[in-house]
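work.cif, holding mmCIF, C-alpha atoms and all ligand atoms:
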data_my_file
loop_
_atom_site.label_atom_id
_atom_site.label_comp_id
_atom_site.auth_asym_id
_atom_site.auth_seq_id
_atom_site.Cartn_x
_atom_site.Cartn_y
_atom_site.Cartn_z
CA MET A 1 -99.73 -73.70 22.14
CA LYS A 2 -98.23 -70.24 22.24
CA LYS A 3 -101.58 -68.59 21.59
CA LYS A 4 -103.21 -70.67 24.32
CA ALA A 5 -100.54 -69.71 26.83
CA LEU A 6 -100.94 -66.06 25.95
CA ALA A 7 -104.71 -66.24 26.36
CA PHE A 8 -104.29 -67.84 29.77
CA ALA A 9 -101.80 -65.17 30.83
CA LEU A 10 -104.24 -62.47 29.78
CA CYS A 11 -106.99 -64.14 31.79
CA VAL A 12 -104.78 -64.16 34.86
CA LEU A 13 -103.95 -60.51 34.32
CA LEU A 14 -107.49 -59.35 33.79
CA LEU A 15 -109.15 -61.68 36.31
CA THR A 16 -112.44 -61.15 34.50
CA GLY A 17 -114.29 -62.92 31.75
CA CYS A 18 -112.30 -66.12 32.19
CA SER A 19 -113.58 -69.39 33.50
CA GLY A 20 -110.29 -71.09 34.40
CA PRO A 21 -110.56 -72.86 37.75
CA ALA A 22 -107.09 -71.85 38.98
CA VAL A 23 -107.73 -68.09 39.07
CA GLU A 24 -108.53 -66.56 42.46
CA THR A 25 -110.79 -63.58 41.83
CA ASP A 26 -111.89 -62.66 45.33
CA GLY A 27 -108.59 -61.24 46.59
CA THR A 28 -110.07 -58.96 49.23
CA ALA A 29 -111.45 -61.95 51.14
CA MET A 30 -107.87 -62.74 52.12
CA LEU A 31 -107.46 -59.51 54.11
CA SER A 32 -108.31 -60.15 57.72
CA GLU A 33 -109.00 -57.57 60.38
CA GLU A 34 -106.75 -59.68 62.57
CA VAL A 35 -103.68 -58.71 60.53
CA LYS A 36 -101.06 -57.10 62.76
CA TYR A 37 -98.03 -55.21 61.51
CA VAL A 38 -94.65 -54.70 63.17
CA ALA A 39 -91.26 -53.38 62.05
CA LEU A 40 -87.90 -55.00 62.75
CA THR A 41 -85.05 -52.50 62.69
CA PHE A 42 -81.32 -53.23 62.66
CA ASP A 43 -78.69 -50.67 63.63
CA ASP A 44 -74.92 -50.32 63.24
CA GLY A 45 -74.38 -52.51 60.16
CA PRO A 46 -73.84 -53.69 57.60
CA HIS A 47 -71.54 -56.39 58.95
CA GLU A 48 -69.55 -58.77 56.74
CA ASP A 49 -70.08 -61.79 59.03
CA THR A 50 -73.76 -61.54 59.96
CA THR A 51 -75.82 -59.35 57.65
CA ALA A 52 -75.93 -61.71 54.66
CA ALA A 53 -77.35 -64.57 56.75
CA LEU A 54 -79.99 -62.22 58.12
CA LEU A 55 -80.97 -61.15 54.61
CA ASP A 56 -81.20 -64.82 53.56
CA GLY A 57 -83.43 -65.63 56.53
CA LEU A 58 -85.71 -62.64 56.00
CA LYS A 59 -86.05 -63.53 52.32
CA GLU A 60 -87.02 -67.14 53.12
CA ARG A 61 -89.72 -65.86 55.45
CA GLY A 62 -91.03 -63.05 53.24
CA ALA A 63 -90.26 -60.53 55.99
CA ALA A 64 -89.21 -56.92 55.36
CA ALA A 65 -87.00 -54.95 57.75
CA THR A 66 -85.32 -51.56 58.10
CA PHE A 67 -81.55 -51.14 58.33
CA PHE A 68 -79.96 -48.02 59.82
CA LEU A 69 -76.42 -48.00 58.51
CA ILE A 70 -73.28 -46.42 59.93
CA GLY A 71 -71.54 -44.56 57.10
CA THR A 72 -68.06 -45.87 57.89
CA GLU A 73 -69.34 -49.46 57.68
CA ILE A 74 -70.57 -49.15 54.10
CA ALA A 75 -67.29 -49.20 52.15
CA GLY A 76 -66.52 -52.72 50.93
CA LYS A 77 -70.04 -53.92 51.77
CA GLU A 78 -71.90 -52.15 48.99
CA ASP A 79 -73.27 -55.52 47.80
CA LEU A 80 -75.09 -55.98 51.12
CA VAL A 81 -76.62 -52.51 50.89
CA ALA A 82 -77.67 -53.18 47.30
CA ARG A 83 -79.30 -56.44 48.43
CA MET A 84 -81.25 -54.63 51.15
CA GLY A 85 -82.67 -52.27 48.54
CA ALA A 86 -83.33 -55.00 45.97
CA GLU A 87 -85.05 -57.28 48.48
CA GLY A 88 -87.61 -54.74 49.64
CA HIS A 89 -86.03 -53.53 52.87
CA GLN A 90 -85.86 -49.91 53.93
CA VAL A 91 -82.38 -48.46 54.31
CA GLY A 92 -81.77 -45.59 56.70
CA ASN A 93 -79.03 -43.39 58.09
CA HIS A 94 -77.34 -43.94 61.49
CA THR A 95 -74.75 -41.14 61.01
CA TRP A 96 -71.27 -41.43 59.56
CA SER A 97 -69.35 -42.31 62.75
CA HIS A 98 -72.09 -43.22 65.26
CA LEU A 99 -71.84 -39.75 66.71
CA ARG A 100 -73.58 -38.59 69.89
CA LEU A 101 -75.58 -35.80 68.27
CA GLU A 102 -76.55 -34.09 71.55
CA THR A 103 -73.01 -32.80 72.16
CA ALA A 104 -71.92 -32.18 68.56
CA PRO A 105 -71.82 -28.76 66.89
CA PRO A 106 -74.59 -28.26 64.31
CA GLU A 107 -72.21 -28.32 61.35
CA THR A 108 -70.86 -31.69 62.46
CA VAL A 109 -74.37 -33.06 62.82
CA VAL A 110 -75.22 -31.95 59.29
CA TYR A 111 -71.96 -33.35 57.90
CA GLU A 112 -72.42 -36.75 59.60
CA ILE A 113 -75.93 -37.11 58.24
CA GLN A 114 -75.21 -35.76 54.75
CA ARG A 115 -72.11 -37.87 54.15
CA THR A 116 -73.99 -41.06 55.08
CA ASP A 117 -76.98 -40.05 52.96
CA GLU A 118 -74.64 -39.62 50.00
CA ALA A 119 -72.95 -43.00 50.61
CA ILE A 120 -76.31 -44.78 50.64
CA GLY A 121 -77.51 -42.76 47.66
CA ALA A 122 -74.39 -43.75 45.69
CA ILE A 123 -75.56 -47.38 45.94
CA LEU A 124 -79.34 -47.15 45.96
CA GLY A 125 -79.89 -43.77 44.30
CA GLY A 126 -81.80 -40.78 45.61
CA SER A 127 -81.38 -39.03 48.94
CA GLY A 128 -83.28 -38.15 52.09
CA TYR A 129 -82.83 -41.50 53.81
CA TRP A 130 -84.62 -41.63 57.14
CA LEU A 131 -82.56 -41.19 60.27
CA ARG A 132 -82.10 -43.10 63.48
CA THR A 133 -79.83 -41.08 65.73
CA PRO A 134 -77.25 -43.05 67.75
CA TYR A 135 -78.64 -43.85 71.24
CA GLY A 136 -81.87 -42.13 70.15
CA LEU A 137 -80.33 -38.80 71.16
CA LEU A 138 -81.19 -35.51 69.49
CA PRO A 139 -78.85 -32.61 68.69
CA GLN A 140 -78.98 -29.62 71.05
CA SER A 141 -80.70 -27.62 68.35
CA GLY A 142 -83.51 -30.19 68.46
CA GLU A 143 -85.30 -31.79 65.58
CA THR A 144 -85.54 -28.58 63.54
CA LEU A 145 -82.06 -29.17 62.13
CA LEU A 146 -83.17 -32.44 60.56
CA SER A 147 -84.85 -32.67 57.19
CA VAL A 148 -86.04 -36.30 57.23
CA PRO A 149 -88.32 -38.33 59.53
CA LEU A 150 -86.58 -39.81 62.58
CA VAL A 151 -87.18 -43.34 63.84
CA LYS A 152 -86.85 -44.44 67.45
CA TRP A 153 -88.28 -47.73 68.77
CA SER A 154 -90.86 -49.13 71.19
CA VAL A 155 -89.35 -52.56 71.90
CA ASP A 156 -85.70 -52.74 73.02
CA PRO A 157 -84.46 -56.17 74.15
CA ARG A 158 -80.96 -54.71 74.76
CA ASP A 159 -79.44 -57.33 72.47
CA TRP A 160 -76.04 -55.63 72.53
CA GLU A 161 -75.92 -56.22 76.29
CA SER A 162 -77.08 -59.84 76.65
CA ARG A 163 -75.82 -61.18 73.28
CA ASN A 164 -78.08 -64.11 74.14
CA LYS A 165 -80.61 -65.42 71.63
CA GLU A 166 -83.13 -66.76 74.15
CA LYS A 167 -83.08 -63.59 76.26
CA ILE A 168 -83.55 -61.43 73.18
CA VAL A 169 -86.46 -63.53 71.90
CA SER A 170 -88.29 -63.57 75.24
CA ALA A 171 -87.77 -59.83 75.83
CA VAL A 172 -89.30 -59.06 72.43
CA MET A 173 -92.17 -61.54 72.84
CA ALA A 174 -93.03 -59.99 76.23
CA ASP A 175 -93.32 -56.46 74.83
CA ILE A 176 -94.61 -56.92 71.30
CA ARG A 177 -97.92 -55.47 70.10
CA PRO A 178 -99.30 -54.36 66.74
CA GLY A 179 -97.43 -51.28 65.55
CA SER A 180 -94.23 -52.06 67.48
CA ILE A 181 -90.84 -50.96 66.20
CA ILE A 182 -88.23 -53.47 67.43
CA LEU A 183 -84.60 -52.43 67.93
CA LEU A 184 -81.87 -54.98 67.14
CA HIS A 185 -78.31 -54.92 65.84
CA ASP A 186 -77.37 -57.12 62.87
CA ILE A 187 -73.70 -57.01 63.87
CA TYR A 188 -74.21 -59.75 66.50
CA GLN A 189 -74.84 -63.40 65.61
CA PRO A 190 -77.28 -64.00 68.54
CA SER A 191 -79.31 -60.98 67.41
CA VAL A 192 -79.61 -62.35 63.88
CA GLU A 193 -80.68 -65.78 65.16
CA ALA A 194 -83.13 -64.16 67.58
CA ALA A 195 -84.58 -61.98 64.82
CA LEU A 196 -85.38 -64.99 62.65
CA GLU A 197 -86.99 -66.85 65.53
CA ILE A 198 -89.01 -63.74 66.38
CA VAL A 199 -90.23 -63.64 62.77
CA ASP A 200 -91.23 -67.32 62.90
CA ARG A 201 -93.07 -66.98 66.21
CA LEU A 202 -94.87 -63.76 65.35
CA GLN A 203 -95.81 -64.80 61.81
CA ALA A 204 -97.48 -67.83 63.42
CA LYS A 205 -99.52 -65.37 65.53
CA GLY A 206 -100.68 -63.40 62.47
CA TYR A 207 -98.05 -60.65 62.46
CA TRP A 208 -96.64 -59.22 59.24
CA PHE A 209 -93.17 -57.73 59.06
CA VAL A 210 -93.00 -54.47 57.13
CA THR A 211 -90.56 -51.57 56.83
CA VAL A 212 -90.95 -48.58 59.16
CA GLU A 213 -92.16 -46.48 56.24
CA GLU A 214 -94.84 -49.09 55.44
CA LEU A 215 -95.75 -49.46 59.12
CA LEU A 216 -96.48 -45.76 59.54
CA ARG A 217 -98.49 -45.69 56.32
CA LEU A 218 -100.50 -48.80 57.30
CA TYR A 219 -101.45 -47.17 60.60
CA GLY A 220 -102.43 -43.93 58.87
CA ILE A 221 -99.44 -41.78 59.83
CA ALA A 222 -98.03 -39.30 57.28
CA PRO A 223 -94.34 -38.99 58.26
CA GLN A 224 -93.00 -35.47 58.66
CA PRO A 225 -89.39 -34.24 58.48
CA GLY A 226 -87.80 -33.66 61.89
CA VAL A 227 -90.42 -35.70 63.75
CA MET A 228 -89.34 -38.78 65.71
CA TYR A 229 -91.56 -41.87 65.42
CA ARG A 230 -91.45 -44.57 68.11
CA SER A 231 -94.12 -46.94 66.84
CA GLY A 232 -96.93 -47.21 64.33
CA LYS A 233 -99.54 -46.43 66.97
NI NI B 301 -76.22 -47.54 67.05
#
As structure tokens, please, write out the structure in this file.
Amino acid sequence: MKKKALAFALCVLLLTGCSGPAVETDGTAMLSEEVKYVALTFDDGPHEDTTAALLDGLKERGAAATFFLIGTEIAGKEDLVARMGAEGHQVGNHTWSHLRLETAPPETVVYEIQRTDEAIGAILGGSGYWLRTPYGLLPQSGETLLSVPLVKWSVDPRDWESRNKEKIVSAVMADIRPGSIILLHDIYQPSVEAALEIVDRLQAKGYWFVTVEELLRLYGIAPQPGVMYRSGK
């Protein structure tokens, strides 16, 4: 029995020279030109009350997202950050204290970004986590100060303002197109509920949810340090 199981496993792995009926060999036929990619992004977390439920819902749906974390929010919630990394999400930097970079001295800008990068790196390893600046604002010195790609957004339902699931869902559905980067905040319960409904509705329309890094790559963009990306197209 063991030998038989091993032979079957090898057949599955090699996908050639086997005649088992259960093996799908023509994988490329599954790729449709109709496939559309979008990126969900969540700022200002992680949050102890809402982020875990969001991660559960994304996992159930096979959807990836990108989380831009505030450095001061990380302590005590390292398990949530570790989950993001382990479950295929992209983790990014939203500064240490949600600083308005446009009015901050350059050394403060560097400190805010570096300290958050180190806090994320202490959990997930590595460094150079992509940056979303608070309010999408740039430091006075411009993008030259920044050594990683920057991520803005193309769809903003202003979830922090309405805190209303239905309003958030309809605002996103009205603006969405392939390549969109959607801005939400996983610190609000209505935003989390809206996000999962958005995933359900858009998956039914042939959309795939990928990280920002994947989105840019899928649309043929090679991300550069200090450049701000608003969508995949
Ligand atoms: Ni923010």
Note to self: Please identify all protein, DNA and RNA residues within 7 Å of ligand NI 301 (chain B), counting all atoms listed in the file, and report them as an NGL selection string.
What the structure shows: :A and (43-44 or 94 or 98 or 134-135)
Check: Please, which residues are within 7 Å of (-84.3, -42.5, 52.5) by the file's coordinates, counting only C-alpha atoms, and could they come as a PyMOL selection string?
Finding: chain A and resi 91-92+127-130
For the selection you just gave me, I'd like the residues written to a file as a CSV table (one decimal), in the coordinates of the input, keeping C-alpha atoms.
chain,number,residue,atom,x,y,z
A,91,VAL,CA,-82.4,-48.5,54.3
A,92,GLY,CA,-81.8,-45.6,56.7
A,127,SER,CA,-81.4,-39.0,48.9
A,128,GLY,CA,-83.3,-38.2,52.1
A,129,TYR,CA,-82.8,-41.5,53.8
A,130,TRP,CA,-84.6,-41.6,57.1
Check: Quick one: residues within 9 Å of Tyr111 in chain A, all atoms listed in the file counted, chain neighbours fewer than 4 positions away excluded, as JSON, numbers by chain?
Finding: {"A": [95, 96, 106, 107, 115, 116]}
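One finds CA of Pro139 in chain A at 4.6 Å from CA of Leu101 in chain A.
Once Glu73 in chain A and its same-chain neighbours fewer than 4 positions away are set aside, Asp44, Gly45, Pro46, His47, Leu69, Lys77, Trp96 and Ser97 of chain A remain within 9 Å of it when counting all atoms listed in the file.
If you measure from each of A:Ile120, A:Ala195, A:Asp79, A:Ile187 to Arg61 in chain A using all atoms listed in the file, the closest one turns out to be A:Ala195.
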Next item on the list: Kindly give the distance, in Å, that separates CA of Leu58 in chain A and CA of Arg132 in chain A, rounded to a single decimal.
Entry: 21.2 Å
Can you build me a table of range 95-190 of chain A residues sitting at most 6 Å from range 205-225 of chain A, with the closest atom pair per residue and its distance in Å to one decimal, using only C-alpha atoms, sorted by chain and residue number, as a tab-separated table?
residue	atom	partner	partner_atom	distance
A:Ser147	CA	A:Pro225	CA	5.0
A:Val148	CA	A:Pro225	CA	4.1
A:Pro149	CA	A:Pro225	CA	4.4
Notebook entry, point to check: If we count all atoms listed in the file, what is near Ala119 in chain A at a cut-off of 10 Å, once residues fewer than 6 positions away on the same chain are taken out, given as a PyMOL selection string?
Noted result: chain A and resi 69-72+74-75+78+93+96+125+127
Notebook entry, point to check: Closest to Leu138 in chain A among A:Arg100, A:Gly126, A:Lys36, A:His185, using all atoms listed in the file?
Noted result: A:Arg100
Can you take the partial range 130-141 of chain A, add all heavy atoms, and return it as a short mmCIF file (atom, residue, chain, number, x, y, z; two decimals), in the coordinates of the input?
data_model
loop_
_atom_site.label_atom_id
_atom_site.label_comp_id
_atom_site.auth_asym_id
_atom_site.auth_seq_id
_atom_site.Cartn_x
_atom_site.Cartn_y
_atom_site.Cartn_z
N TRP A 130 -84.15 -41.89 55.79
CA TRP A 130 -84.62 -41.63 57.14
C TRP A 130 -83.51 -41.89 58.15
O TRP A 130 -82.61 -42.68 57.92
CB TRP A 130 -85.82 -42.51 57.47
CG TRP A 130 -87.04 -42.14 56.69
CD1 TRP A 130 -87.09 -41.38 55.54
CD2 TRP A 130 -88.39 -42.53 56.97
NE1 TRP A 130 -88.39 -41.27 55.11
CE2 TRP A 130 -89.20 -41.96 55.96
CE3 TRP A 130 -88.99 -43.28 57.97
CZ2 TRP A 130 -90.59 -42.14 55.94
CZ3 TRP A 130 -90.37 -43.46 57.95
CH2 TRP A 130 -91.15 -42.89 56.94
N LEU A 131 -83.64 -41.21 59.29
CA LEU A 131 -82.56 -41.19 60.27
C LEU A 131 -82.94 -41.86 61.58
O LEU A 131 -84.04 -41.65 62.10
CB LEU A 131 -82.20 -39.72 60.55
CG LEU A 131 -81.10 -39.44 61.57
CD1 LEU A 131 -79.74 -39.87 61.03
CD2 LEU A 131 -81.06 -37.94 61.90
N ARG A 132 -82.03 -42.70 62.07
CA ARG A 132 -82.10 -43.10 63.48
C ARG A 132 -80.84 -42.54 64.12
O ARG A 132 -79.73 -42.90 63.73
CB ARG A 132 -82.18 -44.60 63.66
CG ARG A 132 -82.01 -44.97 65.15
CD ARG A 132 -82.31 -46.41 65.45
NE ARG A 132 -83.74 -46.64 65.53
CZ ARG A 132 -84.31 -47.82 65.29
NH1 ARG A 132 -83.57 -48.84 64.91
NH2 ARG A 132 -85.62 -47.97 65.41
N THR A 133 -81.00 -41.68 65.10
CA THR A 133 -79.83 -41.08 65.73
C THR A 133 -79.21 -42.10 66.69
O THR A 133 -79.94 -42.86 67.34
CB THR A 133 -80.21 -39.80 66.49
OG1 THR A 133 -81.10 -40.14 67.55
CG2 THR A 133 -80.87 -38.80 65.58
N PRO A 134 -77.88 -42.14 66.80
CA PRO A 134 -77.25 -43.05 67.75
C PRO A 134 -77.77 -42.81 69.18
O PRO A 134 -77.89 -41.65 69.60
CB PRO A 134 -75.76 -42.71 67.62
CG PRO A 134 -75.63 -42.23 66.21
CD PRO A 134 -76.90 -41.48 65.94
N TYR A 135 -78.09 -43.87 69.87
CA TYR A 135 -78.64 -43.85 71.24
C TYR A 135 -80.01 -43.13 71.31
O TYR A 135 -80.50 -42.86 72.40
CB TYR A 135 -77.66 -43.19 72.23
CG TYR A 135 -76.22 -43.60 72.00
CD1 TYR A 135 -75.34 -42.75 71.34
CD2 TYR A 135 -75.77 -44.86 72.39
CE1 TYR A 135 -74.03 -43.14 71.08
CE2 TYR A 135 -74.46 -45.25 72.13
CZ TYR A 135 -73.60 -44.38 71.48
OH TYR A 135 -72.31 -44.77 71.21
N GLY A 136 -80.59 -42.83 70.16
CA GLY A 136 -81.87 -42.13 70.15
C GLY A 136 -81.77 -40.69 70.61
O GLY A 136 -82.78 -40.06 70.93
N LEU A 137 -80.55 -40.15 70.64
CA LEU A 137 -80.33 -38.80 71.16
C LEU A 137 -80.51 -37.76 70.05
O LEU A 137 -80.17 -37.99 68.90
CB LEU A 137 -78.91 -38.67 71.72
CG LEU A 137 -78.59 -39.57 72.92
CD1 LEU A 137 -77.10 -39.50 73.23
CD2 LEU A 137 -79.41 -39.14 74.13
N LEU A 138 -80.99 -36.59 70.44
CA LEU A 138 -81.19 -35.51 69.49
C LEU A 138 -80.10 -34.45 69.64
O LEU A 138 -79.56 -34.27 70.73
CB LEU A 138 -82.54 -34.85 69.74
CG LEU A 138 -83.74 -35.67 69.31
CD1 LEU A 138 -85.02 -35.03 69.83
CD2 LEU A 138 -83.78 -35.78 67.79
N PRO A 139 -79.79 -33.72 68.56
CA PRO A 139 -78.85 -32.61 68.69
C PRO A 139 -79.43 -31.52 69.58
O PRO A 139 -80.65 -31.43 69.75
CB PRO A 139 -78.67 -32.13 67.25
CG PRO A 139 -79.81 -32.68 66.48
CD PRO A 139 -80.28 -33.90 67.20
N GLN A 140 -78.54 -30.70 70.14
CA GLN A 140 -78.98 -29.62 71.05
C GLN A 140 -79.98 -28.70 70.37
O GLN A 140 -80.88 -28.18 71.01
CB GLN A 140 -77.77 -28.81 71.51
CG GLN A 140 -77.01 -29.49 72.64
CD GLN A 140 -75.71 -28.78 72.97
OE1 GLN A 140 -75.25 -27.92 72.22
NE2 GLN A 140 -75.12 -29.15 74.09
N SER A 141 -79.79 -28.51 69.08
CA SER A 141 -80.70 -27.62 68.35
C SER A 141 -82.06 -28.28 68.12
O SER A 141 -82.94 -27.68 67.52
CB SER A 141 -80.07 -27.24 67.02
OG SER A 141 -79.64 -28.42 66.37
#
